[in-house]
Amino acid sequence: MHPMSPGDALEQFSQGNPAPVYLIVGDDATEMAETANAFEELIEEGLRPFNVDRFDGGDDKVTLGAVIEAARMFPMMAPRRVVIVQRAKDCLMPKRDSQAAEKDQEAFEAYLS
């Protein structure tokens with residue numbers, strides 16, 4: 001994965017050649033939110049409830065396993081799904097050590113490879 005501008009990432013996505021994961025980083029929270037929203041808007045509005053999932057990695061109830069499960073779901077009546085994880089670093093670092101958290105981490109690494 002190489003760095004690209006938000007515009008380049010959105011163009012790649014909209015042309016039907018998306019990467020499995022886009023990591024949006026930066027100091028400007030507004031720009032990051034706008035970019036995430038732009039990805040969501042690439043899905044037809046009426047199909048978003050079926051093809052867009054949003055997670056807050058800072059929520060103790062959100063697990064990496066839930067994110068992976070959402071990413072692996074087949075799209076419904078659309079060419080692809082969008083899964084947005086805000087504060088992803090909080091989700092990537094398990095809230096507590098457990099076999100489930102370790103299994104989720106391994107599944108995420110496998111998803112990326």
# chains A, B, ... in the order shown; residues from 1 in each chain; ligands from 1

call {"tool": "residues_around", "arguments": {"residues": "range 89-93 of chain A", "least_positions_apart": "6", "cutoff": "12 Å", "atoms": "only C-alpha atoms", "output": "JSON list (two decimals) with C-alpha atoms, in the first residue's frame"}}
result
[["chain", "number", "residue", "atom", "x", "y", "z"],
["A", 23, "LEU", "CA", -6.04, 3.99, 5.84],
["A", 24, "ILE", "CA", -6.86, 7.67, 6.15],
["A", 25, "VAL", "CA", -4.38, 9.43, 8.42],
["A", 55, "PHE", "CA", -17.58, 1.78, 13.56],
["A", 56, "ASP", "CA", -15.95, 3.85, 16.27],
["A", 57, "GLY", "CA", -12.77, 2.05, 17.28],
["A", 58, "GLY", "CA", -12.85, 3.87, 20.60],
["A", 59, "ASP", "CA", -16.10, 2.18, 21.59],
["A", 60, "ASP", "CA", -15.37, -0.69, 23.99],
["A", 61, "LYS", "CA", -18.08, -2.77, 22.31],
["A", 62, "VAL", "CA", -16.39, -2.58, 18.89],
["A", 63, "THR", "CA", -14.04, -5.46, 18.18],
["A", 64, "LEU", "CA", -11.68, -6.03, 15.32],
["A", 65, "GLY", "CA", -13.64, -9.22, 14.64],
["A", 66, "ALA", "CA", -16.83, -7.22, 14.04],
["A", 67, "VAL", "CA", -14.99, -4.95, 11.60],
["A", 68, "ILE", "CA", -13.55, -7.93, 9.70],
["A", 101, "ALA", "CA", -8.51, -10.66, 20.45],
["A", 102, "GLU", "CA", -5.48, -12.60, 19.24],
["A", 104, "ASP", "CA", -9.18, -11.27, 15.50],
["A", 105, "GLN", "CA", -5.70, -9.79, 14.99],
["A", 106, "GLU", "CA", -4.60, -12.85, 13.00],
["A", 107, "ALA", "CA", -7.78, -12.70, 10.90],
["A", 108, "PHE", "CA", -7.19, -9.01, 10.19],
["A", 109, "GLU", "CA", -3.61, -9.66, 9.10]]

call {"tool": "residues_around", "arguments": {"residues": "range 71-87 of chain A", "least_positions_apart": "4", "cutoff": "9 Å", "atoms": "only C-alpha atoms", "output": "VMD selection string"}}
result
chain A and resid 16 20 33 36 to 37 39 to 40 42 to 44 47 to 48 50 to 58 66 to 67 91 111

call {"tool": "atom_distance", "arguments": {"atom1": "CA of Ala38 in chain A", "atom2": "CA of Pro6 in chain A"}}
result
9.2 Å

call {"tool": "closest_residue", "arguments": {"among": "A:Glu34, A:Val21, A:Gln15, A:Arg96", "to": "His2 in chain A", "atoms": "only C-alpha atoms"}}
result
A:Val21

call {"tool": "closest_residue", "arguments": {"among": "A:Ala110, A:Pro94, A:Glu31, A:Tyr22", "to": "Met4 in chain A", "atoms": "only C-alpha atoms"}}
result
A:Tyr22

call {"tool": "select_by_dssp", "arguments": {"residues": "chain A", "states": "alpha helix (DSSP H)", "output": "VMD selection string"}}
result
chain A and resid 6 to 14 29 to 41 48 to 51 64 to 72 88 to 92 99 to 112

call {"tool": "write_last_selection", "arguments": {"atoms": "C-alpha atoms", "output": "PDB file, in the first residue's frame"}}
result
ATOM      1  CA  PRO A   6      -7.779  11.411  -0.910  1.00  0.00           C
ATOM      2  CA  GLY A   7      -8.775  12.351  -4.459  1.00  0.00           C
ATOM      3  CA  ASP A   8      -6.612   9.616  -5.985  1.00  0.00           C
ATOM      4  CA  ALA A   9      -8.015   7.025  -3.565  1.00  0.00           C
ATOM      5  CA  LEU A  10     -11.601   8.026  -4.347  1.00  0.00           C
ATOM      6  CA  GLU A  11     -10.905   7.927  -8.082  1.00  0.00           C
ATOM      7  CA  GLN A  12      -9.357   4.461  -7.798  1.00  0.00           C
ATOM      8  CA  PHE A  13     -12.372   3.284  -5.802  1.00  0.00           C
ATOM      9  CA  SER A  14     -14.973   4.794  -8.138  1.00  0.00           C
ATOM     10  CA  ALA A  29      -9.922  15.581  11.564  1.00  0.00           C
ATOM     11  CA  THR A  30     -12.295  17.478   9.275  1.00  0.00           C
ATOM     12  CA  GLU A  31     -10.454  16.402   6.126  1.00  0.00           C
ATOM     13  CA  MET A  32     -10.347  12.789   7.312  1.00  0.00           C
ATOM     14  CA  ALA A  33     -14.100  12.828   8.050  1.00  0.00           C
ATOM     15  CA  GLU A  34     -14.842  14.411   4.659  1.00  0.00           C
ATOM     16  CA  THR A  35     -12.783  11.731   2.908  1.00  0.00           C
ATOM     17  CA  ALA A  36     -14.573   8.939   4.791  1.00  0.00           C
ATOM     18  CA  ASN A  37     -17.926  10.527   3.911  1.00  0.00           C
ATOM     19  CA  ALA A  38     -16.887  10.752   0.254  1.00  0.00           C
ATOM     20  CA  PHE A  39     -16.223   6.992   0.226  1.00  0.00           C
ATOM     21  CA  GLU A  40     -19.676   6.426   1.706  1.00  0.00           C
ATOM     22  CA  GLU A  41     -21.238   8.627  -0.982  1.00  0.00           C
ATOM     23  CA  ARG A  48     -26.168   2.512   1.932  1.00  0.00           C
ATOM     24  CA  PRO A  49     -28.083   0.886   4.799  1.00  0.00           C
ATOM     25  CA  PHE A  50     -27.103  -2.493   3.313  1.00  0.00           C
ATOM     26  CA  ASN A  51     -23.585  -1.677   2.120  1.00  0.00           C
ATOM     27  CA  LEU A  64     -11.680  -6.031  15.316  1.00  0.00           C
ATOM     28  CA  GLY A  65     -13.641  -9.220  14.641  1.00  0.00           C
ATOM     29  CA  ALA A  66     -16.825  -7.215  14.043  1.00  0.00           C
ATOM     30  CA  VAL A  67     -14.987  -4.953  11.595  1.00  0.00           C
ATOM     31  CA  ILE A  68     -13.555  -7.928   9.705  1.00  0.00           C
ATOM     32  CA  GLU A  69     -16.980  -9.568   9.589  1.00  0.00           C
ATOM     33  CA  ALA A  70     -18.470  -6.401   8.071  1.00  0.00           C
ATOM     34  CA  ALA A  71     -15.645  -6.166   5.530  1.00  0.00           C
ATOM     35  CA  ARG A  72     -16.121  -9.777   4.446  1.00  0.00           C
ATOM     36  CA  ALA A  88      -9.113   2.673  14.021  1.00  0.00           C
ATOM     37  CA  LYS A  89      -5.924   2.543  16.071  1.00  0.00           C
ATOM     38  CA  ASP A  90      -8.073   2.076  19.182  1.00  0.00           C
ATOM     39  CA  CYS A  91      -9.708  -0.926  17.537  1.00  0.00           C
ATOM     40  CA  LEU A  92      -6.408  -2.404  16.364  1.00  0.00           C
ATOM     41  CA  GLN A  99      -7.603 -15.550  22.732  1.00  0.00           C
ATOM     42  CA  ALA A 100     -10.481 -13.906  20.858  1.00  0.00           C
ATOM     43  CA  ALA A 101      -8.514 -10.660  20.448  1.00  0.00           C
ATOM     44  CA  GLU A 102      -5.481 -12.601  19.242  1.00  0.00           C
ATOM     45  CA  LYS A 103      -7.648 -14.535  16.782  1.00  0.00           C
ATOM     46  CA  ASP A 104      -9.182 -11.272  15.504  1.00  0.00           C
ATOM     47  CA  GLN A 105      -5.702  -9.788  14.986  1.00  0.00           C
ATOM     48  CA  GLU A 106      -4.604 -12.849  13.004  1.00  0.00           C
ATOM     49  CA  ALA A 107      -7.783 -12.703  10.904  1.00  0.00           C
ATOM     50  CA  PHE A 108      -7.193  -9.011  10.187  1.00  0.00           C
ATOM     51  CA  GLU A 109      -3.607  -9.658   9.105  1.00  0.00           C
ATOM     52  CA  ALA A 110      -4.834 -12.462   6.837  1.00  0.00           C
ATOM     53  CA  TYR A 111      -7.487 -10.146   5.365  1.00  0.00           C
ATOM     54  CA  LEU A 112      -4.830  -7.587   4.494  1.00  0.00           C
TER      55      LEU A 112
END
